[in-house]
Each structure stands twice: as structure tokens, then as C-alpha cells.
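J.: One file: final.cif (mmCIF, N, CA and C atoms).
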```cif
data_structure
#
loop_
_atom_site.label_atom_id
_atom_site.label_comp_id
_atom_site.auth_asym_id
_atom_site.auth_seq_id
_atom_site.Cartn_x
_atom_site.Cartn_y
_atom_site.Cartn_z
N MET V 1 61.18 1.56 122.65
CA MET V 1 62.16 1.24 121.65
C MET V 1 61.82 -0.08 120.94
N SER V 2 61.23 -0.99 121.66
CA SER V 2 60.88 -2.26 121.05
C SER V 2 59.81 -2.10 119.98
N LYS V 3 58.99 -1.06 120.07
CA LYS V 3 57.97 -0.81 119.05
C LYS V 3 58.60 -0.42 117.72
N LEU V 4 59.71 0.29 117.72
CA LEU V 4 60.38 0.69 116.50
C LEU V 4 61.00 -0.49 115.79
N ASN V 5 61.48 -1.44 116.51
CA ASN V 5 62.11 -2.61 115.91
C ASN V 5 61.10 -3.57 115.28
N ASN V 6 59.86 -3.48 115.67
CA ASN V 6 58.82 -4.40 115.15
C ASN V 6 58.24 -3.95 113.82
N LYS V 7 58.62 -2.78 113.31
CA LYS V 7 58.11 -2.32 112.02
C LYS V 7 58.68 -3.18 110.91
N LYS V 8 57.82 -3.51 109.98
CA LYS V 8 58.24 -4.36 108.85
C LYS V 8 58.20 -3.54 107.56
N ALA V 9 59.12 -3.79 106.69
CA ALA V 9 59.18 -3.10 105.40
C ALA V 9 58.26 -3.79 104.41
N MET V 10 57.54 -2.98 103.61
CA MET V 10 56.66 -3.54 102.59
C MET V 10 57.10 -3.01 101.23
N ALA V 11 57.04 -3.87 100.24
CA ALA V 11 57.37 -3.49 98.87
C ALA V 11 56.22 -3.90 97.97
N VAL V 12 55.88 -3.04 97.03
CA VAL V 12 54.81 -3.32 96.08
C VAL V 12 55.44 -3.51 94.71
N GLN V 13 55.10 -4.63 94.09
CA GLN V 13 55.64 -4.93 92.77
C GLN V 13 54.47 -4.98 91.79
N GLN V 14 54.58 -4.24 90.66
CA GLN V 14 53.53 -4.22 89.66
C GLN V 14 53.97 -4.98 88.41
N GLN V 15 53.00 -5.65 87.80
CA GLN V 15 53.26 -6.38 86.57
C GLN V 15 52.12 -6.09 85.60
N ILE V 16 52.47 -5.72 84.36
CA ILE V 16 51.47 -5.43 83.34
C ILE V 16 51.39 -6.62 82.39
N THR V 17 50.20 -7.13 82.20
CA THR V 17 49.95 -8.26 81.33
C THR V 17 48.97 -7.84 80.24
N THR V 18 49.26 -8.17 78.98
CA THR V 18 48.36 -7.86 77.87
C THR V 18 47.65 -9.14 77.46
N VAL V 19 46.33 -9.08 77.44
CA VAL V 19 45.51 -10.21 77.05
C VAL V 19 44.88 -9.88 75.70
N THR V 20 45.05 -10.75 74.72
CA THR V 20 44.51 -10.54 73.38
C THR V 20 43.46 -11.61 73.10
N THR V 21 42.28 -11.15 72.65
CA THR V 21 41.22 -12.09 72.29
C THR V 21 40.79 -11.81 70.86
N THR V 22 40.39 -12.84 70.15
CA THR V 22 39.88 -12.68 68.80
C THR V 22 38.53 -13.37 68.68
N GLN V 23 37.72 -12.85 67.76
CA GLN V 23 36.44 -13.48 67.49
C GLN V 23 36.65 -14.53 66.42
N SER V 24 36.14 -15.71 66.67
CA SER V 24 36.25 -16.75 65.67
C SER V 24 35.01 -17.63 65.75
N SER V 25 34.17 -17.52 64.74
CA SER V 25 32.94 -18.30 64.73
C SER V 25 33.04 -19.49 63.79
N GLY V 26 34.14 -19.57 63.03
CA GLY V 26 34.28 -20.65 62.06
C GLY V 26 33.61 -20.34 60.73
N GLU V 27 33.02 -19.16 60.61
CA GLU V 27 32.31 -18.75 59.39
C GLU V 27 32.81 -17.38 58.95
N TRP V 28 32.61 -17.06 57.68
CA TRP V 28 32.88 -15.72 57.18
C TRP V 28 31.90 -14.77 57.85
N SER V 29 32.32 -13.56 58.14
CA SER V 29 31.43 -12.60 58.82
C SER V 29 30.30 -12.13 57.90
N THR V 30 30.52 -12.20 56.58
CA THR V 30 29.47 -11.86 55.62
C THR V 30 29.44 -12.93 54.54
N GLY V 31 28.32 -13.02 53.85
CA GLY V 31 28.18 -14.00 52.79
C GLY V 31 28.89 -13.56 51.51
N LEU V 32 29.02 -14.47 50.59
CA LEU V 32 29.70 -14.19 49.33
C LEU V 32 29.01 -13.08 48.54
N PHE V 33 27.69 -13.03 48.59
CA PHE V 33 26.93 -12.05 47.81
C PHE V 33 26.35 -10.93 48.68
N ASP V 34 26.98 -10.63 49.81
CA ASP V 34 26.50 -9.59 50.72
C ASP V 34 27.11 -8.22 50.42
N CYS V 35 27.16 -7.86 49.17
CA CYS V 35 27.74 -6.56 48.80
C CYS V 35 26.99 -5.40 49.41
N CYS V 36 25.69 -5.54 49.62
CA CYS V 36 24.89 -4.45 50.18
C CYS V 36 25.21 -4.20 51.66
N SER V 37 25.89 -5.13 52.31
CA SER V 37 26.22 -4.93 53.72
C SER V 37 27.34 -3.90 53.89
N ASP V 38 28.11 -3.66 52.84
CA ASP V 38 29.17 -2.65 52.88
C ASP V 38 29.28 -2.04 51.48
N MET V 39 28.50 -1.02 51.24
CA MET V 39 28.44 -0.42 49.90
C MET V 39 29.75 0.25 49.51
N GLY V 40 30.50 0.76 50.48
CA GLY V 40 31.79 1.39 50.18
C GLY V 40 32.76 0.41 49.55
N THR V 41 32.82 -0.78 50.10
CA THR V 41 33.67 -1.83 49.55
C THR V 41 33.23 -2.20 48.14
N CYS V 42 31.93 -2.35 47.97
CA CYS V 42 31.38 -2.73 46.66
C CYS V 42 31.65 -1.66 45.61
N CYS V 43 31.47 -0.40 45.98
CA CYS V 43 31.72 0.70 45.03
C CYS V 43 33.19 0.80 44.66
N CYS V 44 34.06 0.64 45.66
CA CYS V 44 35.50 0.70 45.39
C CYS V 44 35.90 -0.41 44.41
N ALA V 45 35.35 -1.60 44.62
CA ALA V 45 35.65 -2.72 43.73
C ALA V 45 35.09 -2.48 42.32
N THR V 46 33.95 -1.82 42.23
CA THR V 46 33.33 -1.55 40.94
C THR V 46 34.12 -0.54 40.12
N TRP V 47 34.59 0.52 40.76
CA TRP V 47 35.22 1.61 40.02
C TRP V 47 36.69 1.38 39.72
N CYS V 48 37.40 0.70 40.60
CA CYS V 48 38.82 0.46 40.32
C CYS V 48 39.25 -0.85 41.00
N PHE V 49 38.92 -1.95 40.36
CA PHE V 49 39.15 -3.26 40.95
C PHE V 49 40.62 -3.54 41.29
N PRO V 50 41.59 -3.24 40.41
CA PRO V 50 42.99 -3.49 40.77
C PRO V 50 43.44 -2.71 42.02
N CYS V 51 43.00 -1.45 42.12
CA CYS V 51 43.32 -0.65 43.31
C CYS V 51 42.69 -1.27 44.55
N PHE V 52 41.46 -1.71 44.40
CA PHE V 52 40.73 -2.36 45.49
C PHE V 52 41.47 -3.63 45.96
N GLN V 53 41.93 -4.44 45.02
CA GLN V 53 42.67 -5.65 45.37
C GLN V 53 43.96 -5.32 46.12
N CYS V 54 44.69 -4.34 45.63
CA CYS V 54 45.95 -3.96 46.26
C CYS V 54 45.73 -3.42 47.66
N GLN V 55 44.66 -2.65 47.84
CA GLN V 55 44.33 -2.11 49.16
C GLN V 55 43.96 -3.25 50.13
N THR V 56 43.19 -4.20 49.66
CA THR V 56 42.81 -5.34 50.50
C THR V 56 44.03 -6.15 50.91
N ALA V 57 44.90 -6.42 49.96
CA ALA V 57 46.13 -7.17 50.27
C ALA V 57 46.98 -6.43 51.29
N SER V 58 47.09 -5.12 51.13
CA SER V 58 47.87 -4.31 52.06
C SER V 58 47.26 -4.34 53.47
N HIS V 59 45.96 -4.19 53.58
CA HIS V 59 45.29 -4.22 54.88
C HIS V 59 45.41 -5.60 55.53
N TYR V 60 45.51 -6.62 54.73
CA TYR V 60 45.67 -7.99 55.25
C TYR V 60 47.11 -8.23 55.71
N GLY V 61 48.04 -7.43 55.23
CA GLY V 61 49.43 -7.58 55.63
C GLY V 61 50.31 -8.18 54.55
N TRP V 62 49.78 -8.32 53.36
CA TRP V 62 50.55 -8.84 52.23
C TRP V 62 51.13 -7.70 51.43
N CYS V 63 52.02 -8.02 50.54
CA CYS V 63 52.62 -7.02 49.65
C CYS V 63 51.51 -6.38 48.81
N VAL V 64 51.56 -5.06 48.72
CA VAL V 64 50.51 -4.32 48.03
C VAL V 64 50.40 -4.70 46.55
N CYS V 65 51.48 -5.13 45.92
CA CYS V 65 51.46 -5.45 44.49
C CYS V 65 51.13 -6.91 44.19
N MET V 66 50.99 -7.71 45.20
CA MET V 66 50.76 -9.15 45.01
C MET V 66 49.56 -9.46 44.11
N PRO V 67 48.40 -8.82 44.29
CA PRO V 67 47.25 -9.15 43.44
C PRO V 67 47.47 -8.86 41.96
N LEU V 68 48.41 -7.97 41.65
CA LEU V 68 48.66 -7.66 40.25
C LEU V 68 49.28 -8.85 39.50
N LEU V 69 49.79 -9.81 40.24
CA LEU V 69 50.36 -11.02 39.63
C LEU V 69 49.30 -12.07 39.32
N ASP V 70 48.09 -11.86 39.81
CA ASP V 70 47.02 -12.85 39.65
C ASP V 70 46.75 -13.26 38.20
N PRO V 71 46.66 -12.34 37.25
CA PRO V 71 46.40 -12.76 35.87
C PRO V 71 47.50 -13.66 35.30
N CYS V 72 48.74 -13.39 35.69
CA CYS V 72 49.86 -14.21 35.20
C CYS V 72 49.95 -15.54 35.93
N ALA V 73 49.42 -15.59 37.13
CA ALA V 73 49.54 -16.80 37.97
C ALA V 73 48.25 -17.61 38.00
N PHE V 74 47.35 -17.37 37.05
CA PHE V 74 46.09 -18.12 36.95
C PHE V 74 45.30 -18.08 38.26
N MET V 75 45.20 -16.90 38.86
CA MET V 75 44.43 -16.63 40.08
C MET V 75 44.98 -17.33 41.33
N ALA V 76 46.22 -17.76 41.28
CA ALA V 76 46.82 -18.44 42.43
C ALA V 76 46.96 -17.51 43.63
N VAL V 77 47.23 -16.23 43.38
CA VAL V 77 47.38 -15.27 44.48
C VAL V 77 46.07 -15.15 45.26
N SER V 78 44.97 -15.03 44.54
CA SER V 78 43.66 -14.92 45.18
C SER V 78 43.33 -16.17 45.99
N CYS V 79 43.60 -17.33 45.42
CA CYS V 79 43.33 -18.59 46.12
C CYS V 79 44.19 -18.71 47.38
N CYS V 80 45.46 -18.35 47.27
CA CYS V 80 46.37 -18.43 48.42
C CYS V 80 45.96 -17.44 49.51
N MET V 81 45.57 -16.24 49.10
CA MET V 81 45.16 -15.25 50.09
C MET V 81 43.88 -15.68 50.80
N ARG V 82 42.94 -16.21 50.05
CA ARG V 82 41.70 -16.68 50.66
C ARG V 82 41.96 -17.83 51.63
N SER V 83 42.81 -18.76 51.26
CA SER V 83 43.16 -19.88 52.15
C SER V 83 43.89 -19.38 53.39
N SER V 84 44.80 -18.44 53.19
CA SER V 84 45.53 -17.86 54.32
C SER V 84 44.58 -17.14 55.27
N MET V 85 43.62 -16.44 54.71
CA MET V 85 42.65 -15.71 55.52
C MET V 85 41.80 -16.68 56.34
N ARG V 86 41.38 -17.76 55.71
CA ARG V 86 40.59 -18.77 56.43
C ARG V 86 41.39 -19.34 57.60
N GLU V 87 42.66 -19.63 57.34
CA GLU V 87 43.51 -20.20 58.38
C GLU V 87 43.74 -19.20 59.52
N ARG V 88 44.05 -17.96 59.18
CA ARG V 88 44.33 -16.94 60.21
C ARG V 88 43.12 -16.65 61.07
N TYR V 89 41.95 -16.58 60.46
CA TYR V 89 40.74 -16.21 61.19
C TYR V 89 39.94 -17.41 61.69
N GLY V 90 40.40 -18.61 61.44
CA GLY V 90 39.71 -19.80 61.93
C GLY V 90 38.39 -20.06 61.21
N ILE V 91 38.36 -19.79 59.92
CA ILE V 91 37.15 -19.98 59.13
C ILE V 91 37.21 -21.36 58.48
N GLN V 92 36.10 -22.08 58.57
CA GLN V 92 36.05 -23.42 57.98
C GLN V 92 36.00 -23.33 56.46
N GLY V 93 36.45 -24.37 55.82
CA GLY V 93 36.43 -24.44 54.36
C GLY V 93 37.58 -25.28 53.87
N SER V 94 37.79 -25.26 52.55
CA SER V 94 38.88 -26.05 51.97
C SER V 94 39.48 -25.29 50.79
N THR V 95 40.64 -25.73 50.40
CA THR V 95 41.31 -25.12 49.25
C THR V 95 40.48 -25.31 47.98
N CYS V 96 39.85 -26.47 47.84
CA CYS V 96 39.02 -26.73 46.66
C CYS V 96 37.86 -25.74 46.56
N VAL V 97 37.23 -25.45 47.68
CA VAL V 97 36.13 -24.48 47.69
C VAL V 97 36.67 -23.09 47.36
N ASP V 98 37.84 -22.75 47.92
CA ASP V 98 38.45 -21.45 47.62
C ASP V 98 38.70 -21.29 46.13
N VAL V 99 39.28 -22.31 45.51
CA VAL V 99 39.57 -22.27 44.07
C VAL V 99 38.28 -22.13 43.28
N GLY V 100 37.27 -22.89 43.62
CA GLY V 100 35.99 -22.83 42.93
C GLY V 100 35.35 -21.45 43.02
N LEU V 101 35.36 -20.86 44.23
CA LEU V 101 34.76 -19.54 44.41
C LEU V 101 35.53 -18.47 43.66
N VAL V 102 36.85 -18.54 43.71
CA VAL V 102 37.67 -17.54 43.00
C VAL V 102 37.46 -17.66 41.50
N CYS V 103 37.38 -18.88 40.99
CA CYS V 103 37.20 -19.07 39.53
C CYS V 103 35.81 -18.66 39.06
N CYS V 104 34.78 -18.94 39.85
CA CYS V 104 33.41 -18.66 39.42
C CYS V 104 32.91 -17.27 39.82
N CYS V 105 33.35 -16.77 40.95
CA CYS V 105 32.85 -15.50 41.47
C CYS V 105 34.01 -14.63 41.93
N TYR V 106 34.91 -14.32 41.01
CA TYR V 106 36.17 -13.64 41.33
C TYR V 106 35.95 -12.33 42.11
N ALA V 107 35.13 -11.44 41.58
CA ALA V 107 34.91 -10.14 42.23
C ALA V 107 34.21 -10.30 43.57
N CYS V 108 33.24 -11.18 43.64
CA CYS V 108 32.51 -11.39 44.90
C CYS V 108 33.43 -12.00 45.97
N ALA V 109 34.32 -12.90 45.57
CA ALA V 109 35.27 -13.49 46.52
C ALA V 109 36.19 -12.40 47.09
N TRP V 110 36.65 -11.50 46.23
CA TRP V 110 37.50 -10.40 46.70
C TRP V 110 36.74 -9.45 47.61
N CYS V 111 35.50 -9.15 47.28
CA CYS V 111 34.69 -8.28 48.14
C CYS V 111 34.48 -8.92 49.51
N GLN V 112 34.22 -10.22 49.53
CA GLN V 112 34.05 -10.93 50.80
C GLN V 112 35.33 -10.89 51.62
N MET V 113 36.48 -11.09 50.97
CA MET V 113 37.76 -11.04 51.69
C MET V 113 38.01 -9.64 52.25
N ALA V 114 37.69 -8.61 51.47
CA ALA V 114 37.89 -7.24 51.94
C ALA V 114 37.01 -6.93 53.14
N ARG V 115 35.75 -7.37 53.09
CA ARG V 115 34.84 -7.16 54.23
C ARG V 115 35.34 -7.90 55.46
N GLU V 116 35.88 -9.09 55.26
CA GLU V 116 36.40 -9.88 56.39
C GLU V 116 37.58 -9.18 57.05
N VAL V 117 38.51 -8.70 56.23
CA VAL V 117 39.68 -7.99 56.78
C VAL V 117 39.22 -6.74 57.52
N LYS V 118 38.28 -6.02 56.94
CA LYS V 118 37.77 -4.81 57.56
C LYS V 118 37.10 -5.13 58.90
N THR V 119 36.29 -6.16 58.93
CA THR V 119 35.59 -6.56 60.15
C THR V 119 36.57 -7.02 61.22
N ARG V 120 37.52 -7.84 60.83
CA ARG V 120 38.47 -8.39 61.81
C ARG V 120 39.44 -7.35 62.35
N THR V 121 39.82 -6.40 61.52
CA THR V 121 40.79 -5.41 61.99
C THR V 121 40.15 -4.29 62.79
N THR V 122 38.85 -4.06 62.60
CA THR V 122 38.20 -2.98 63.35
C THR V 122 37.56 -3.48 64.64
N SER V 123 37.05 -4.70 64.66
CA SER V 123 36.37 -5.15 65.87
C SER V 123 36.76 -6.55 66.31
N GLY V 124 37.57 -7.23 65.54
CA GLY V 124 37.86 -8.62 65.85
C GLY V 124 38.89 -8.86 66.93
N ILE V 125 39.83 -7.94 67.12
CA ILE V 125 40.88 -8.15 68.09
C ILE V 125 40.76 -7.10 69.19
N GLN V 126 40.72 -7.57 70.40
CA GLN V 126 40.64 -6.67 71.53
C GLN V 126 41.83 -6.94 72.45
N GLN V 127 42.51 -5.86 72.84
CA GLN V 127 43.62 -6.00 73.76
C GLN V 127 43.28 -5.28 75.05
N VAL V 128 43.54 -5.92 76.16
CA VAL V 128 43.28 -5.35 77.47
C VAL V 128 44.57 -5.46 78.27
N ASN V 129 45.00 -4.33 78.83
CA ASN V 129 46.17 -4.33 79.71
C ASN V 129 45.68 -4.49 81.14
N MET V 130 46.22 -5.47 81.83
CA MET V 130 45.85 -5.73 83.21
C MET V 130 47.07 -5.44 84.09
N VAL V 131 46.86 -4.66 85.14
CA VAL V 131 47.94 -4.37 86.09
C VAL V 131 47.66 -5.17 87.35
N THR V 132 48.62 -6.00 87.72
CA THR V 132 48.50 -6.78 88.95
C THR V 132 49.55 -6.28 89.93
N GLN V 133 49.19 -6.29 91.20
CA GLN V 133 50.12 -5.84 92.23
C GLN V 133 50.35 -6.98 93.22
N GLN V 134 51.60 -7.11 93.61
CA GLN V 134 51.94 -8.09 94.62
C GLN V 134 52.56 -7.34 95.80
N LEU V 135 52.10 -7.65 96.97
CA LEU V 135 52.59 -7.01 98.17
C LEU V 135 53.56 -7.95 98.87
N HIS V 136 54.77 -7.51 99.06
CA HIS V 136 55.79 -8.31 99.72
C HIS V 136 56.08 -7.68 101.08
N VAL V 137 55.96 -8.47 102.11
CA VAL V 137 56.26 -8.01 103.45
C VAL V 137 57.58 -8.63 103.88
N ALA V 138 58.49 -7.79 104.28
CA ALA V 138 59.79 -8.31 104.70
C ALA V 138 59.93 -8.28 106.20
#
```
Let me see whether you can do it: turn the structure in this file into C-alpha cells.
T.:
Amino acid sequence: MSKLNNKKAMAVQQQITTVTTTQSSGEWSTGLFDCCSDMGTCCCATWCFPCFQCQTASHYGWCVCMPLLDPCAFMAVSCCMRSSMRERYGIQGSTCVDVGLVCCCYACAWCQMAREVKTRTTSGIQQVNMVTQQLHVA
């Protein structure tokens, strides 16, 4: 009878933790003039640039119509989006450089931003679910 009283109850508790990692090298994943690295992006920009801009803004998480305001806002939308993208992805640079690139190389700046969004959303963020177990002996 004493053997039955010595049994101890065990409880297992599980906890799921999600770990998120991002790639951040401090640089753009492609150069300003690397259109050949993604011909689909370059062709889309060539054939229908306003549609391309709206699609890029949407994939980045901005309002799809925001780039259409760029001509009225003296390219402020493009500059703000580029600065926001640098900040979100940890890319080095400055607002002055963003303004200069948008003013001098408008289409190339947009193609670079589209490639960056595409790269970061397809391979930049990895989520791993970890299950941990704790054994409680009472």
C-alpha cells in the first residue's frame, strides 16, 4: 500500500514562441542601375509606370493611390517612401541622397525600391515557431 502513496503526479505544459528574424546589411539589395537583375520589374515599369508605382506602394503597405499624387507633390511621395523604406529595412543613407536620386533617376529609384520590397518580402523575414515543454512534478 505504501508503494501506491509514493506515486507523484506529473503535468506537461507547452508554450509556443514565434521568433522573427530579418536580413539587414545596411545596403540596398540591388544597385540603382541593376535593372537586369529583375527583368520583370524593369519591363513592368517600362510598359505602365503608374501601375508599377501603385503596385510597389501596395506591396510595401502604403495606399495604392499614393504614387499618383507625386506629380502634384513635387515627388515628395517618392522621397518619403524611399526614406521610409531605408528606415524600415535598416539601409544606410540620408534624405538628401533620397531626394537627389528621385530627382535625377526617378524611374531607376522606383525600380530599386520595387526590387527591395520584392526581396525583403520573399526572403527577408523568416518566422520560426518553437514549442517548449516544461515538466512539473507534484
J.: From the list V:Ser37, V:Gly31, V:Phe49, V:Arg86, which residue is nearest Leu68 (chain V) when using only C-alpha atoms?
T.: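 Closest residue, counting only C-alpha atoms: V:Phe49.
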J.: Excluding Ser78 (chain V) and its own-chain neighbours fewer than 6 positions away, which residues fall within 8 Å of it when counting all atoms listed in the file? Please give them as a VMD selection string.
T.: chain V and resid 66 to 67 69 to 71 84 98 to 99 102 110
J.: Can those selected residues be exported to a file as a PDB file, in the coordinates of the input so that it contains N, CA and C atoms?
T.:
```
ATOM      1  N   MET V  66      50.990  -7.710  45.200  1.00  0.00           N
ATOM      2  CA  MET V  66      50.760  -9.150  45.010  1.00  0.00           C
ATOM      3  C   MET V  66      49.560  -9.460  44.110  1.00  0.00           C
ATOM      4  N   PRO V  67      48.400  -8.820  44.290  1.00  0.00           N
ATOM      5  CA  PRO V  67      47.250  -9.150  43.440  1.00  0.00           C
ATOM      6  C   PRO V  67      47.470  -8.860  41.960  1.00  0.00           C
ATOM      7  N   LEU V  69      49.790  -9.810  40.240  1.00  0.00           N
ATOM      8  CA  LEU V  69      50.360 -11.020  39.630  1.00  0.00           C
ATOM      9  C   LEU V  69      49.300 -12.070  39.320  1.00  0.00           C
ATOM     10  N   ASP V  70      48.090 -11.860  39.810  1.00  0.00           N
ATOM     11  CA  ASP V  70      47.020 -12.850  39.650  1.00  0.00           C
ATOM     12  C   ASP V  70      46.750 -13.260  38.200  1.00  0.00           C
ATOM     13  N   PRO V  71      46.660 -12.340  37.250  1.00  0.00           N
ATOM     14  CA  PRO V  71      46.400 -12.760  35.870  1.00  0.00           C
ATOM     15  C   PRO V  71      47.500 -13.660  35.300  1.00  0.00           C
ATOM     16  N   SER V  84      44.800 -18.440  53.190  1.00  0.00           N
ATOM     17  CA  SER V  84      45.530 -17.860  54.320  1.00  0.00           C
ATOM     18  C   SER V  84      44.580 -17.140  55.270  1.00  0.00           C
ATOM     19  N   ASP V  98      37.840 -22.750  47.920  1.00  0.00           N
ATOM     20  CA  ASP V  98      38.450 -21.450  47.620  1.00  0.00           C
ATOM     21  C   ASP V  98      38.700 -21.290  46.130  1.00  0.00           C
ATOM     22  N   VAL V  99      39.280 -22.310  45.510  1.00  0.00           N
ATOM     23  CA  VAL V  99      39.570 -22.270  44.070  1.00  0.00           C
ATOM     24  C   VAL V  99      38.280 -22.130  43.280  1.00  0.00           C
ATOM     25  N   VAL V 102      36.850 -18.540  43.710  1.00  0.00           N
ATOM     26  CA  VAL V 102      37.670 -17.540  43.000  1.00  0.00           C
ATOM     27  C   VAL V 102      37.460 -17.660  41.500  1.00  0.00           C
ATOM     28  N   TRP V 110      36.650 -11.500  46.230  1.00  0.00           N
ATOM     29  CA  TRP V 110      37.500 -10.400  46.700  1.00  0.00           C
ATOM     30  C   TRP V 110      36.740  -9.450  47.610  1.00  0.00           C
TER      31      TRP V 110
END
```
J.: Residues at most 12 Å from Thr95 (chain V), counting only C-alpha atoms, excluding those fewer than 2 positions away in the same chain, as a list in words?
T.: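 Listed by chain and then number, they are Ala76, Ser78, Cys79, Cys80, Met81, Arg82, Ser83, Ser84, Met85, Arg86, Glu87, Ile91, Gln92, Gly93, Val97, Asp98, Val99, Gly100, Leu101 and Val102 of chain V.
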J.: Quick one: pull the distance between atom N of Cys51 (chain V) and atom N of Cys36 (chain V), Å, one decimal.
T.: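 Separation of atom N of Cys51 (chain V) and atom N of Cys36 (chain V): 19.3 Å.
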J.: How many Å lie between CA of Met39 (chain V) and CA of Glu116 (chain V), rounded to one decimal?
T.: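 Rounded to one decimal, the two atoms are 14.0 Å apart.
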J.: For atom N of Ala45 (chain V) and atom C of Glu27 (chain V), quote the distance in Å rounded to one decimal.
T.: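 Going from atom N of Ala45 (chain V) over to atom C of Glu27 (chain V), I get 21.5 Å.
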J.: Taking all atoms listed in the file into account, name the residue in V:Cys44, V:Cys35, V:Val117, V:Cys103 that is nearest to His59 (chain V).
T.: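 Of V:Cys44, V:Cys35, V:Val117, V:Cys103, the one nearest His59 (chain V) is V:Val117, counting all atoms listed in the file.
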J.: For Ser25 (chain V), which of V:Tyr89, V:Cys108, V:Cys96, V:Thr121 is the closest residue, counting only N, CA and C atoms?
T.: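 Distance minimum relative to Ser25 (chain V) lands on V:Tyr89.
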J.: May I have the residues at most 8 Å from (47.7, -7.4, 49.7) in the file's coordinates, counting only C-alpha atoms, as a list in words?
T.: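 Looking at atoms near the point gives Gln53, Cys54, Gln55, Thr56, Ala57, Ser58, His59, Tyr60, Gly61, Trp62, Cys63, Val64, Cys65, Met66 and Pro67 of chain V.
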J.: Find the residue from V:Met113, V:Cys72, V:Ala107, V:Arg120 that sits nearest to Cys43 (chain V); use only C-alpha atoms when measuring.
T.: V:Ala107
J.: Taking 6 positions as the minimum chain separation for residues in the same chain, which residues sit within 9 Å of Gln112 (chain V) when counting only C-alpha atoms? Answer as JSON, numbers by chain.
T.: {"V": [28, 29, 30, 31, 32, 33, 34, 35]}
J.: Hey, what's within 12 Å of Gly40 (chain V) if we count only C-alpha atoms and toss same-chain stuff fewer than 6 positions away? As number ranges by chain, please?
T.: V: 46-47, 52, 111, 114-115, 118
J.: Taking the DSSP secondary structure from the backbone, can you list the residues of region 33-134 of chain V that are helix (DSSP H, G or I), as a VMD selection string?
T.: chain V and resid 35 to 37 39 to 47 49 to 60 66 to 69 76 to 89 95 to 104 106 to 124
